[in-house]
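As provided, protein02.cif (mmCIF, C-alpha atoms (C1' of nucleotides)) reads as follows.
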```
data_final
loop_
_atom_site.group_PDB
_atom_site.id
_atom_site.type_symbol
_atom_site.label_atom_id
_atom_site.label_comp_id
_atom_site.auth_asym_id
_atom_site.auth_seq_id
_atom_site.Cartn_x
_atom_site.Cartn_y
_atom_site.Cartn_z
ATOM 1 C CA MET A 73 -8.722 20.038 -32.583
ATOM 2 C CA TYR A 74 -8.866 19.905 -28.780
ATOM 3 C CA GLU A 75 -12.631 20.122 -28.933
ATOM 4 C CA GLN A 76 -12.808 17.341 -31.467
ATOM 5 C CA LEU A 77 -10.749 14.996 -29.344
ATOM 6 C CA LEU A 78 -12.784 15.681 -26.233
ATOM 7 C CA GLU A 79 -16.073 15.309 -28.070
ATOM 8 C CA GLN A 80 -14.892 12.111 -29.697
ATOM 9 C CA LYS A 81 -14.121 10.689 -26.258
ATOM 10 C CA GLY A 82 -17.451 11.780 -24.840
ATOM 11 C CA LEU A 83 -15.970 14.397 -22.513
ATOM 12 C CA LYS A 84 -17.445 17.866 -22.017
ATOM 13 C CA LYS A 85 -15.151 20.561 -23.364
ATOM 14 C CA THR A 86 -14.410 22.816 -20.425
ATOM 15 C CA LYS A 87 -11.782 25.563 -20.082
ATOM 16 C CA VAL A 88 -9.781 23.427 -17.722
ATOM 17 C CA ARG A 89 -9.746 20.408 -20.010
ATOM 18 C CA VAL A 90 -8.747 22.406 -23.053
ATOM 19 C CA ALA A 91 -5.877 24.019 -21.119
ATOM 20 C CA LEU A 92 -4.710 20.664 -19.803
ATOM 21 C CA LEU A 93 -4.959 18.961 -23.177
ATOM 22 C CA GLN A 94 -3.121 21.802 -24.895
ATOM 23 C CA HIS A 95 -0.368 21.517 -22.326
ATOM 24 C CA PHE A 96 0.063 17.792 -22.966
ATOM 25 C CA LEU A 97 0.093 18.253 -26.737
ATOM 26 C CA ASN A 98 2.894 20.816 -26.513
ATOM 27 C CA LEU A 99 5.289 18.429 -24.824
ATOM 28 C CA ASP A 100 7.395 15.454 -25.831
ATOM 29 C CA HIS A 101 7.840 14.072 -22.347
ATOM 30 C CA ALA A 102 5.834 13.019 -19.301
ATOM 31 C CA GLN A 103 4.605 15.416 -16.636
ATOM 32 C CA SER A 104 4.604 15.002 -12.876
ATOM 33 C CA TYR A 105 1.958 16.528 -10.643
ATOM 34 C CA SER A 106 4.281 19.371 -9.724
ATOM 35 C CA ASP A 107 5.178 20.003 -13.385
ATOM 36 C CA LEU A 108 1.494 20.378 -14.138
ATOM 37 C CA LYS A 109 0.886 22.440 -11.037
ATOM 38 C CA PHE A 110 3.539 25.025 -11.961
ATOM 39 C CA SER A 111 2.689 25.088 -15.663
ATOM 40 C CA LEU A 112 -0.999 25.574 -15.049
ATOM 41 C CA GLU A 113 -0.611 27.832 -12.018
ATOM 42 C CA GLY A 114 -3.863 29.450 -11.055
ATOM 43 C CA GLU A 115 -5.714 27.776 -13.898
ATOM 44 C CA ILE A 116 -6.644 24.481 -12.333
ATOM 45 C CA ASP A 117 -7.508 23.355 -8.847
ATOM 46 C CA LYS A 118 -5.646 20.339 -7.463
ATOM 47 C CA SER A 119 -8.619 18.002 -7.179
ATOM 48 C CA THR A 120 -9.968 19.106 -10.554
ATOM 49 C CA LEU A 121 -6.587 18.343 -12.039
ATOM 50 C CA TYR A 122 -6.482 14.841 -10.588
ATOM 51 C CA ARG A 123 -10.060 14.142 -11.583
ATOM 52 C CA ASN A 124 -9.285 15.192 -15.133
ATOM 53 C CA LEU A 125 -6.118 13.131 -15.237
ATOM 54 C CA THR A 126 -8.262 10.162 -14.280
ATOM 55 C CA SER A 127 -10.915 10.977 -16.911
ATOM 56 C CA PHE A 128 -8.272 11.472 -19.596
ATOM 57 C CA GLU A 129 -6.651 8.201 -18.670
ATOM 58 C CA LYS A 130 -9.951 6.297 -18.820
ATOM 59 C CA ALA A 131 -10.703 7.908 -22.171
ATOM 60 C CA GLY A 132 -7.289 6.874 -23.489
ATOM 61 C CA ILE A 133 -6.068 10.431 -24.030
ATOM 62 C CA ILE A 134 -3.151 10.132 -21.630
ATOM 63 C CA HIS A 135 -1.522 7.325 -19.684
ATOM 64 C CA ARG A 136 -0.031 7.136 -16.246
ATOM 65 C CA ILE A 137 3.605 6.161 -15.851
ATOM 66 C CA ASN A 138 5.274 4.828 -12.784
ATOM 67 C CA ASP A 139 8.961 5.473 -13.151
ATOM 68 C CA HIS A 140 10.991 4.697 -10.054
ATOM 69 C CA SER A 141 10.656 8.117 -8.484
ATOM 70 C CA GLY A 142 7.799 7.064 -6.250
ATOM 71 C CA THR A 143 5.266 9.392 -7.858
ATOM 72 C CA SER A 144 3.301 9.044 -11.068
ATOM 73 C CA LYS A 145 3.901 10.885 -14.281
ATOM 74 C CA TYR A 146 1.361 11.512 -16.987
ATOM 75 C CA ALA A 147 1.899 11.545 -20.727
ATOM 76 C CA PHE A 148 -0.125 12.060 -23.887
ATOM 77 C CA GLY A 149 -1.229 8.937 -25.700
ATOM 78 C CA GLU A 150 -2.812 5.641 -24.839
ATOM 79 C CA LEU A 151 -0.946 2.593 -23.619
ATOM 80 C CA PRO A 152 -1.320 -0.222 -26.161
ATOM 81 C CA GLU A 153 -3.203 -3.381 -25.214
ATOM 82 C CA GLY A 154 -0.974 -5.788 -23.328
ATOM 83 C CA GLY A 155 1.566 -3.085 -22.682
ATOM 84 C CA HIS A 156 4.056 -4.522 -25.154
ATOM 85 C CA ASP A 157 6.171 -2.484 -27.544
ATOM 86 C CA HIS A 158 5.884 0.585 -25.365
ATOM 87 C CA ALA A 159 8.485 1.556 -22.814
ATOM 88 C CA HIS A 160 9.353 4.522 -20.658
ATOM 89 C CA PHE A 161 12.805 6.025 -20.669
ATOM 90 C CA VAL A 162 13.885 7.845 -17.503
ATOM 91 C CA CYS A 163 16.911 10.120 -17.837
ATOM 92 C CA GLU A 164 19.180 9.702 -14.816
ATOM 93 C CA THR A 165 20.555 13.206 -15.251
ATOM 94 C CA CYS A 166 17.546 15.449 -15.850
ATOM 95 C CA GLU A 167 14.875 12.992 -14.647
ATOM 96 C CA THR A 168 12.801 13.589 -17.746
ATOM 97 C CA VAL A 169 10.544 10.699 -18.718
ATOM 98 C CA TYR A 170 10.042 9.920 -22.408
ATOM 99 C CA CYS A 171 7.657 7.454 -23.959
ATOM 100 C CA MET A 172 9.158 5.335 -26.667
ATOM 101 C CA GLU A 173 8.208 2.637 -29.079
ATOM 102 C CA VAL A 174 10.388 -0.423 -28.732
ATOM 103 C CA SER A 175 10.863 -2.483 -31.854
ATOM 104 C CA THR A 176 12.101 -5.626 -30.132
ATOM 105 C CA PRO A 177 9.158 -7.413 -28.535
ATOM 106 C CA ILE A 178 9.655 -8.287 -24.906
ATOM 107 C CA GLU A 179 9.302 -11.937 -24.054
ATOM 108 C CA LEU A 180 9.388 -13.275 -20.556
ATOM 109 C CA ASN A 181 9.379 -16.668 -18.938
ATOM 110 C CA VAL A 182 7.383 -16.685 -15.743
ATOM 111 C CA PRO A 183 7.196 -19.703 -13.408
ATOM 112 C CA GLU A 184 4.614 -22.474 -13.754
ATOM 113 C CA GLY A 185 1.188 -21.277 -12.663
ATOM 114 C CA PHE A 186 1.760 -17.575 -13.210
ATOM 115 C CA GLN A 187 -0.247 -15.909 -15.969
ATOM 116 C CA THR A 188 1.131 -12.790 -17.658
ATOM 117 C CA ASN A 189 -1.345 -10.156 -18.808
ATOM 118 C CA ASN A 190 0.798 -7.102 -19.299
ATOM 119 C CA VAL A 191 4.438 -6.085 -19.344
ATOM 120 C CA GLN A 192 5.698 -2.619 -18.549
ATOM 121 C CA THR A 193 9.274 -1.562 -18.902
ATOM 122 C CA ILE A 194 11.313 1.285 -17.459
ATOM 123 C CA ILE A 195 14.613 2.037 -19.172
ATOM 124 C CA LYS A 196 17.074 4.113 -17.186
ATOM 125 C CA GLY A 197 19.908 5.928 -18.881
ATOM 126 C CA ILE A 198 20.967 9.259 -20.330
ATOM 127 C CA CYS A 199 18.728 11.109 -22.753
ATOM 128 C CA ALA A 200 19.900 12.691 -26.012
ATOM 129 C CA LYS A 201 19.869 16.229 -24.568
ATOM 130 C CA CYS A 202 22.013 15.337 -21.554
ATOM 131 C CA TYR A 203 24.330 12.982 -23.410
ATOM 132 C CA SER A 204 25.623 15.537 -25.900
ATOM 133 C CA MET B 137 23.149 -15.891 10.300
ATOM 134 C CA TYR B 138 21.490 -12.479 10.591
ATOM 135 C CA GLU B 139 24.464 -11.221 12.537
ATOM 136 C CA GLN B 140 26.890 -12.529 9.946
ATOM 137 C CA LEU B 141 25.089 -10.803 7.106
ATOM 138 C CA LEU B 142 24.960 -7.492 8.942
ATOM 139 C CA GLU B 143 28.587 -7.702 9.980
ATOM 140 C CA GLN B 144 29.632 -8.624 6.457
ATOM 141 C CA LYS B 145 27.891 -5.532 5.138
ATOM 142 C CA GLY B 146 29.438 -3.301 7.788
ATOM 143 C CA LEU B 147 26.179 -2.621 9.608
ATOM 144 C CA LYS B 148 25.821 -2.628 13.379
ATOM 145 C CA LYS B 149 23.658 -5.504 14.576
ATOM 146 C CA THR B 150 20.821 -3.868 16.460
ATOM 147 C CA LYS B 151 17.535 -5.406 17.687
ATOM 148 C CA VAL B 152 15.629 -3.480 15.087
ATOM 149 C CA ARG B 153 17.807 -4.626 12.217
ATOM 150 C CA VAL B 154 17.721 -8.265 13.240
ATOM 151 C CA ALA B 155 13.909 -8.141 13.503
ATOM 152 C CA LEU B 156 13.605 -6.479 10.114
ATOM 153 C CA LEU B 157 16.043 -8.829 8.441
ATOM 154 C CA GLN B 158 14.357 -11.877 9.933
ATOM 155 C CA HIS B 159 11.041 -10.618 8.629
ATOM 156 C CA PHE B 160 12.387 -10.252 5.093
ATOM 157 C CA LEU B 161 13.996 -13.695 5.153
ATOM 158 C CA ASN B 162 10.705 -15.351 6.114
ATOM 159 C CA LEU B 163 8.881 -14.100 3.045
ATOM 160 C CA ASP B 164 8.791 -14.915 -0.640
ATOM 161 C CA HIS B 165 7.276 -11.647 -1.755
ATOM 162 C CA ALA B 166 7.802 -7.902 -1.473
ATOM 163 C CA GLN B 167 6.603 -5.812 1.446
ATOM 164 C CA SER B 168 4.954 -2.402 1.420
ATOM 165 C CA TYR B 169 5.419 0.134 4.191
ATOM 166 C CA SER B 170 2.072 -0.807 5.710
ATOM 167 C CA ASP B 171 2.889 -4.530 5.522
ATOM 168 C CA LEU B 172 6.036 -3.849 7.488
ATOM 169 C CA LYS B 173 4.247 -1.525 9.858
ATOM 170 C CA PHE B 174 1.652 -4.121 10.835
ATOM 171 C CA SER B 175 4.086 -7.029 10.950
ATOM 172 C CA LEU B 176 6.545 -5.191 13.140
ATOM 173 C CA GLU B 177 3.947 -3.357 15.226
ATOM 174 C CA GLY B 178 5.491 -1.731 18.247
ATOM 175 C CA GLU B 179 8.940 -3.009 17.372
ATOM 176 C CA ILE B 180 10.128 -0.314 15.010
ATOM 177 C CA ASP B 181 9.557 3.390 14.738
ATOM 178 C CA LYS B 182 8.546 4.768 11.351
ATOM 179 C CA SER B 183 11.640 6.845 10.699
ATOM 180 C CA THR B 184 13.924 4.109 11.979
ATOM 181 C CA LEU B 185 12.215 1.716 9.622
ATOM 182 C CA TYR B 186 12.745 3.961 6.626
ATOM 183 C CA ARG B 187 16.326 4.691 7.580
ATOM 184 C CA ASN B 188 17.026 0.981 7.833
ATOM 185 C CA LEU B 189 15.309 0.264 4.542
ATOM 186 C CA THR B 190 17.669 2.805 3.009
ATOM 187 C CA SER B 191 20.738 1.307 4.715
ATOM 188 C CA PHE B 192 19.754 -2.210 3.694
ATOM 189 C CA GLU B 193 19.209 -1.076 0.144
ATOM 190 C CA LYS B 194 22.611 0.635 -0.027
ATOM 191 C CA ALA B 195 24.228 -2.474 1.465
ATOM 192 C CA GLY B 196 22.534 -4.659 -1.163
ATOM 193 C CA ILE B 197 20.491 -6.636 1.356
ATOM 194 C CA ILE B 198 17.135 -5.580 -0.044
ATOM 195 C CA HIS B 199 15.942 -3.707 -3.103
ATOM 196 C CA ARG B 200 13.178 -1.223 -3.636
ATOM 197 C CA ILE B 201 10.457 -2.002 -6.149
ATOM 198 C CA ASN B 202 8.121 0.440 -7.748
ATOM 199 C CA ASP B 203 5.130 -1.473 -8.994
ATOM 200 C CA HIS B 204 2.271 0.632 -10.303
ATOM 201 C CA SER B 205 0.520 1.084 -6.995
ATOM 202 C CA GLY B 206 2.128 4.463 -6.438
ATOM 203 C CA THR B 207 4.075 3.362 -3.382
ATOM 204 C CA SER B 208 7.322 1.456 -3.058
ATOM 205 C CA LYS B 209 7.710 -2.133 -2.004
ATOM 206 C CA TYR B 210 10.797 -3.687 -0.498
ATOM 207 C CA ALA B 211 12.151 -7.178 -1.064
ATOM 208 C CA PHE B 212 15.085 -9.292 0.054
ATOM 209 C CA GLY B 213 18.003 -9.539 -2.342
ATOM 210 C CA GLU B 214 20.074 -7.205 -4.429
ATOM 211 C CA LEU B 215 19.139 -5.993 -7.869
ATOM 212 C CA PRO B 216 21.699 -7.283 -10.371
ATOM 213 C CA GLU B 217 23.959 -4.848 -12.229
ATOM 214 C CA GLY B 218 22.229 -3.434 -15.261
ATOM 215 C CA GLY B 219 18.871 -4.620 -13.999
ATOM 216 C CA HIS B 220 18.582 -7.332 -16.628
ATOM 217 C CA ASP B 221 17.222 -10.811 -15.985
ATOM 218 C CA HIS B 222 15.309 -9.634 -12.968
ATOM 219 C CA ALA B 223 11.652 -8.676 -13.096
ATOM 220 C CA HIS B 224 8.817 -7.957 -10.703
ATOM 221 C CA PHE B 225 5.517 -9.739 -11.004
ATOM 222 C CA VAL B 226 2.465 -7.919 -9.633
ATOM 223 C CA CYS B 227 -0.627 -10.051 -9.079
ATOM 224 C CA GLU B 228 -3.708 -8.168 -10.252
ATOM 225 C CA THR B 229 -5.904 -10.127 -7.833
ATOM 226 C CA CYS B 230 -4.070 -10.138 -4.522
ATOM 227 C CA GLU B 231 -1.600 -7.327 -5.310
ATOM 228 C CA THR B 232 1.310 -9.409 -4.094
ATOM 229 C CA VAL B 233 4.640 -8.534 -5.674
ATOM 230 C CA TYR B 234 7.093 -11.334 -6.449
ATOM 231 C CA CYS B 235 10.670 -11.037 -7.623
ATOM 232 C CA MET B 236 11.549 -13.390 -10.416
ATOM 233 C CA GLU B 237 14.444 -14.351 -12.593
ATOM 234 C CA VAL B 238 13.665 -13.987 -16.258
ATOM 235 C CA SER B 239 15.536 -16.293 -18.586
ATOM 236 C CA THR B 240 14.890 -14.382 -21.792
ATOM 237 C CA PRO B 241 17.158 -11.361 -21.871
ATOM 238 C CA ILE B 242 15.402 -8.119 -22.594
ATOM 239 C CA GLU B 243 16.733 -6.194 -25.546
ATOM 240 C CA LEU B 244 15.549 -2.768 -26.417
ATOM 241 C CA ASN B 245 16.121 -0.357 -29.229
ATOM 242 C CA VAL B 246 16.230 3.228 -28.030
ATOM 243 C CA PRO B 247 16.462 6.217 -30.375
ATOM 244 C CA GLU B 248 19.728 7.723 -31.595
ATOM 245 C CA GLY B 249 21.489 9.613 -28.821
ATOM 246 C CA PHE B 250 19.854 7.817 -25.915
ATOM 247 C CA GLN B 251 22.099 5.657 -23.737
ATOM 248 C CA THR B 252 20.593 2.737 -21.815
ATOM 249 C CA ASN B 253 22.090 1.880 -18.436
ATOM 250 C CA ASN B 254 19.447 -0.249 -16.815
ATOM 251 C CA VAL B 255 16.164 -1.967 -17.634
ATOM 252 C CA GLN B 256 13.469 -2.703 -15.105
ATOM 253 C CA THR B 257 10.351 -4.663 -15.859
ATOM 254 C CA ILE B 258 6.974 -4.971 -14.188
ATOM 255 C CA ILE B 259 4.866 -7.949 -15.210
ATOM 256 C CA LYS B 260 1.179 -7.788 -14.380
ATOM 257 C CA GLY B 261 -0.925 -10.893 -14.270
ATOM 258 C CA ILE B 262 -2.340 -13.549 -11.964
ATOM 259 C CA CYS B 263 -0.088 -15.340 -9.504
ATOM 260 C CA ALA B 264 -0.050 -19.091 -8.945
ATOM 261 C CA LYS B 265 -2.053 -18.889 -5.692
ATOM 262 C CA CYS B 266 -4.858 -16.801 -7.203
ATOM 263 C CA TYR B 267 -4.936 -18.619 -10.557
ATOM 264 C CA SER B 268 -5.773 -22.037 -9.165
ATOM 265 C "C1'" DT C 62 -34.665 29.418 -21.870
ATOM 266 C "C1'" DT C 63 -34.921 25.993 -18.819
ATOM 267 C "C1'" DT C 64 -33.112 21.773 -16.965
ATOM 268 C "C1'" DT C 65 -29.901 18.597 -15.357
ATOM 269 C "C1'" DA C 66 -25.981 15.936 -14.945
ATOM 270 C "C1'" DA C 67 -21.373 16.685 -14.916
ATOM 271 C "C1'" DA C 68 -17.393 19.668 -13.800
ATOM 272 C "C1'" DT C 69 -15.319 22.843 -10.715
ATOM 273 C "C1'" DG C 70 -13.263 24.871 -6.397
ATOM 274 C "C1'" DC C 71 -12.458 24.641 -1.729
ATOM 275 C "C1'" DA C 72 -11.280 22.565 2.567
ATOM 276 C "C1'" DA C 73 -10.187 18.753 5.030
ATOM 277 C "C1'" DC C 74 -8.113 14.483 5.015
ATOM 278 C "C1'" DT C 75 -4.977 10.177 4.246
ATOM 279 C "C1'" DA C 76 -0.678 7.922 3.607
ATOM 280 C "C1'" DG C 77 4.153 7.375 2.310
ATOM 281 C "C1'" DG C 78 8.226 9.269 3.207
ATOM 282 C "C1'" DT C 79 11.725 12.827 5.326
ATOM 283 C "C1'" DT C 80 14.145 15.720 8.806
ATOM 284 C "C1'" DG C 81 15.914 17.771 13.199
ATOM 285 C "C1'" DC C 82 17.121 16.754 17.625
ATOM 286 C "C1'" DA C 83 17.745 14.661 22.056
ATOM 287 C "C1'" DT C 84 18.616 10.041 23.912
ATOM 288 C "C1'" DT C 85 20.329 5.422 23.726
ATOM 289 C "C1'" DT C 86 23.247 1.641 22.228
ATOM 290 C "C1'" DA C 87 26.851 -1.140 19.710
ATOM 291 C "C1'" DT C 88 31.422 -1.642 19.386
ATOM 292 C "C1'" DG C 89 36.387 -0.451 19.380
ATOM 293 C "C1'" DT C 90 40.005 1.224 22.761
ATOM 294 C "C1'" DT C 91 42.390 1.711 27.239
ATOM 295 C "C1'" DA D 53 35.378 -3.801 32.943
ATOM 296 C "C1'" DA D 54 34.880 1.021 32.057
ATOM 297 C "C1'" DC D 55 35.099 4.438 28.736
ATOM 298 C "C1'" DA D 56 34.591 7.057 24.492
ATOM 299 C "C1'" DT D 57 32.335 7.893 20.315
ATOM 300 C "C1'" DA D 58 29.958 7.493 16.245
ATOM 301 C "C1'" DA D 59 26.011 5.508 14.765
ATOM 302 C "C1'" DA D 60 21.187 4.011 15.625
ATOM 303 C "C1'" DT D 61 16.860 4.988 17.739
ATOM 304 C "C1'" DG D 62 12.385 7.333 18.943
ATOM 305 C "C1'" DC D 63 9.635 11.181 18.800
ATOM 306 C "C1'" DA D 64 7.391 15.082 16.844
ATOM 307 C "C1'" DA D 65 6.809 17.909 13.195
ATOM 308 C "C1'" DC D 66 6.785 18.309 8.559
ATOM 309 C "C1'" DC D 67 6.250 17.678 3.232
ATOM 310 C "C1'" DT D 68 3.952 16.180 -0.882
ATOM 311 C "C1'" DA D 69 0.972 13.216 -3.902
ATOM 312 C "C1'" DG D 70 -3.336 11.926 -4.175
ATOM 313 C "C1'" DT D 71 -8.487 11.504 -2.445
ATOM 314 C "C1'" DT D 72 -13.145 12.798 -0.768
ATOM 315 C "C1'" DG D 73 -17.372 15.406 0.535
ATOM 316 C "C1'" DC D 74 -20.014 19.144 -0.543
ATOM 317 C "C1'" DA D 75 -21.765 23.418 -2.292
ATOM 318 C "C1'" DT D 76 -21.529 26.098 -6.553
ATOM 319 C "C1'" DT D 77 -21.037 26.656 -11.445
ATOM 320 C "C1'" DT D 78 -21.320 25.401 -16.249
ATOM 321 C "C1'" DA D 79 -21.822 22.682 -20.725
ATOM 322 C "C1'" DA D 80 -25.030 21.153 -23.546
ATOM 323 C "C1'" DA D 81 -29.303 18.827 -24.508
ATOM 324 C "C1'" DA D 82 -34.408 19.515 -24.349
#
```
Would you mind writing the file's structure down as structure tokens?
Amino acid sequence: MYEQLLEQKGLKKTKVRVALLQHFLNLDHAQSYSDLKFSLEGEIDKSTLYRNLTSFEKAGIIHRINDHSGTSKYAFGELPEGGHDHAHFVCETCETVYCMEVSTPIELNVPEGFQTNNVQTIIKGICAKCYS
Amino acid sequence: MYEQLLEQKGLKKTKVRVALLQHFLNLDHAQSYSDLKFSLEGEIDKSTLYRNLTSFEKAGIIHRINDHSGTSKYAFGELPEGGHDHAHFVCETCETVYCMEVSTPIELNVPEGFQTNNVQTIIKGICAKCYS
DNA sequence: TTTTAAATGCAACTAGGTTGCATTTATGTT
DNA sequence: AACATAAATGCAACCTAGTTGCATTTAAAA
């Protein structure tokens, strides 16, 4: 499974990559650098981790999210072309970041002369776990 | 003018704050830390700058923008309640960040149990200056 | 099995942003 | 005008995310 995905994307299947991929597949929400660091303690070097995050992103295995925390988060799955119908939900209580499909397409009017290529949306609120 | 705004917001009018405020008022686009650093060279210490950015943000004089560059940008004006009808346009050529009003309201469907408080949108594309 | 390009680990670095503390300054009070 | 005081400033030291150069190791093709 992990091997198949890596092979399919033209990436060598190393111990580090399998561990990282497995970690992403086990989760339903986005991971910060420090999340990954603590979860994979001792398994992956910092620069190796970042280099693999970059490779995975280029290969479309994960995508990088910029919530408004100032640092990036990383989540399984590829961002669709144009960025539409995909949004990131940031819980204001537990700070967890979830990826979600958004059924209503986002339309925007930009001023004369500006060309839109891509729209990315951050939704802030309270997640299901914290709300109940 | 600068003094009035500061007084109105309950902030002491210091040299540093007037310089910073003046700088923001002269611009139509958002400023990164390094933009501010070079523009205000020698005038403002780093920690003073950050502390004032925080004060200004709390007072609603500026707002903080997280485009996808990994670092924050700061722009004149307050973010409206709920975050709707305000978006940030990031030029993919010159990396300039513009604040813009968006006439089409953004509606989103989030899953059962999730409560939305605020929506923030980043639009990527080509700005008017770079497009022509 | 040999080869080779790619992946890893380590150390050193950069940059944005924060904090503690001593000094200075804006502003309200006598 | 002089004083008192809380807030603002400047400096140094620090923290953390993310990057880079380089020597070593490893996956995988020949």
Name the closest residue to Tyr146 in chain A among the candidates A:Gln103, A:Ser119, A:Asn181, A:Ser111; distances are taken between atoms, counting only C-alpha atoms.
A:Gln103
Let me have the centre and edge lengths of the axis-aligned box enclosing all listed atoms of range 175-188 of chain B with 5 Å padding on every side, in Å to one decimal, as lines of an AutoDock Vina configuration file.
```
center_x = 10.5
center_y = -0.1
center_z = 12.4
size_x = 23.1
size_y = 23.9
size_z = 21.6
```
Which residues of range 86-174 of chain A have any atom within 9 Å of an atom in range 59-79 of chain D when counting all atoms listed in the file, and what is the closest pair of atoms for each, with the distance in Å to one decimal? Order the rows by chain and rising number and write it as CSV.
```
residue,atom,partner,partner_atom,distance
A:Thr86,CA,D:DA79,C1',7.4
A:Tyr105,CA,D:DA69,C1',7.6
A:Ser119,CA,D:DT71,C1',8.0
A:Tyr122,CA,D:DG70,C1',7.7
A:Thr143,CA,D:DA69,C1',7.0
A:Ser144,CA,D:DA69,C1',8.6
```
Expected answer as a PyMOL selection string: chain C residues within 9 Å of chain B, all atoms listed in the file
chain C and resi 77-79+86-88
Extract, using all atoms listed in the file, all DNA, RNA and protein residues at most 8 Å from Phe212 in chain B, discarding same-chain residues fewer than 6 positions from it, and format them as a list in words.
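Everything that qualifies: Phe160, Leu161, Ala166, Ile197, Ile198 and His199 of chain B.
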What is the C1' of DC71 in chain C-CA of Leu83 in chain A distance in Å, reported with one decimal?
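Separation of C1' of DC71 in chain C and CA of Leu83 in chain A: 23.4 Å.
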I'd like the interatomic distance between CA of Gly196 in chain B and CA of Gly213 in chain B, to a tenth of an Å.
6.8 Å
Mind telling me what the PyMOL selection byres ((chain A) within 10 of (chain B)) catches here, as a CSV table (one decimal) with C-alpha atoms, keeping the file's coordinate frame?
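Saved to selection.csv:
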```csv
chain,number,residue,atom,x,y,z
A,136,ARG,CA,0.0,7.1,-16.2
A,137,ILE,CA,3.6,6.2,-15.9
A,138,ASN,CA,5.3,4.8,-12.8
A,139,ASP,CA,9.0,5.5,-13.2
A,140,HIS,CA,11.0,4.7,-10.1
A,141,SER,CA,10.7,8.1,-8.5
A,142,GLY,CA,7.8,7.1,-6.2
A,143,THR,CA,5.3,9.4,-7.9
A,144,SER,CA,3.3,9.0,-11.1
A,154,GLY,CA,-1.0,-5.8,-23.3
A,155,GLY,CA,1.6,-3.1,-22.7
A,157,ASP,CA,6.2,-2.5,-27.5
A,159,ALA,CA,8.5,1.6,-22.8
A,160,HIS,CA,9.4,4.5,-20.7
A,161,PHE,CA,12.8,6.0,-20.7
A,162,VAL,CA,13.9,7.8,-17.5
A,163,CYS,CA,16.9,10.1,-17.8
A,164,GLU,CA,19.2,9.7,-14.8
A,172,MET,CA,9.2,5.3,-26.7
A,173,GLU,CA,8.2,2.6,-29.1
A,174,VAL,CA,10.4,-0.4,-28.7
A,175,SER,CA,10.9,-2.5,-31.9
A,176,THR,CA,12.1,-5.6,-30.1
A,177,PRO,CA,9.2,-7.4,-28.5
A,178,ILE,CA,9.7,-8.3,-24.9
A,179,GLU,CA,9.3,-11.9,-24.1
A,180,LEU,CA,9.4,-13.3,-20.6
A,181,ASN,CA,9.4,-16.7,-18.9
A,182,VAL,CA,7.4,-16.7,-15.7
A,183,PRO,CA,7.2,-19.7,-13.4
A,184,GLU,CA,4.6,-22.5,-13.8
A,185,GLY,CA,1.2,-21.3,-12.7
A,186,PHE,CA,1.8,-17.6,-13.2
A,187,GLN,CA,-0.2,-15.9,-16.0
A,188,THR,CA,1.1,-12.8,-17.7
A,189,ASN,CA,-1.3,-10.2,-18.8
A,190,ASN,CA,0.8,-7.1,-19.3
A,191,VAL,CA,4.4,-6.1,-19.3
A,192,GLN,CA,5.7,-2.6,-18.5
A,193,THR,CA,9.3,-1.6,-18.9
A,194,ILE,CA,11.3,1.3,-17.5
A,195,ILE,CA,14.6,2.0,-19.2
A,196,LYS,CA,17.1,4.1,-17.2
A,197,GLY,CA,19.9,5.9,-18.9
A,198,ILE,CA,21.0,9.3,-20.3
A,199,CYS,CA,18.7,11.1,-22.8
A,200,ALA,CA,19.9,12.7,-26.0
A,201,LYS,CA,19.9,16.2,-24.6
A,202,CYS,CA,22.0,15.3,-21.6
A,203,TYR,CA,24.3,13.0,-23.4
A,204,SER,CA,25.6,15.5,-25.9
```
Could you give me range 128-136 of chain A completed to N, CA and C atoms, formatted as a PDB file, in the coordinates of the input?
```
ATOM      1  N   PHE A 128      -9.079  11.555 -18.376  1.00  0.00           N
ATOM      2  CA  PHE A 128      -8.272  11.472 -19.596  1.00  0.00           C
ATOM      3  C   PHE A 128      -7.667  10.081 -19.736  1.00  0.00           C
ATOM      4  N   GLU A 129      -7.256   9.534 -18.622  1.00  0.00           N
ATOM      5  CA  GLU A 129      -6.651   8.201 -18.670  1.00  0.00           C
ATOM      6  C   GLU A 129      -7.692   7.161 -19.082  1.00  0.00           C
ATOM      7  N   LYS A 130      -8.873   7.234 -18.472  1.00  0.00           N
ATOM      8  CA  LYS A 130      -9.951   6.297 -18.820  1.00  0.00           C
ATOM      9  C   LYS A 130     -10.334   6.422 -20.283  1.00  0.00           C
ATOM     10  N   ALA A 131     -10.317   7.645 -20.786  1.00  0.00           N
ATOM     11  CA  ALA A 131     -10.703   7.908 -22.171  1.00  0.00           C
ATOM     12  C   ALA A 131      -9.590   7.550 -23.148  1.00  0.00           C
ATOM     13  N   GLY A 132      -8.413   7.239 -22.619  1.00  0.00           N
ATOM     14  CA  GLY A 132      -7.289   6.874 -23.489  1.00  0.00           C
ATOM     15  C   GLY A 132      -6.575   8.060 -24.102  1.00  0.00           C
ATOM     16  N   ILE A 133      -6.748   9.234 -23.509  1.00  0.00           N
ATOM     17  CA  ILE A 133      -6.068  10.431 -24.030  1.00  0.00           C
ATOM     18  C   ILE A 133      -4.643  10.523 -23.485  1.00  0.00           C
ATOM     19  N   ILE A 134      -4.482  10.170 -22.240  1.00  0.00           N
ATOM     20  CA  ILE A 134      -3.151  10.132 -21.630  1.00  0.00           C
ATOM     21  C   ILE A 134      -2.956   8.760 -20.969  1.00  0.00           C
ATOM     22  N   HIS A 135      -1.748   8.498 -20.520  1.00  0.00           N
ATOM     23  CA  HIS A 135      -1.522   7.325 -19.684  1.00  0.00           C
ATOM     24  C   HIS A 135      -0.620   7.692 -18.515  1.00  0.00           C
ATOM     25  N   ARG A 136      -0.743   6.909 -17.497  1.00  0.00           N
ATOM     26  CA  ARG A 136      -0.031   7.136 -16.246  1.00  0.00           C
ATOM     27  C   ARG A 136       1.230   6.295 -16.250  1.00  0.00           C
TER      28      ARG A 136
END
```
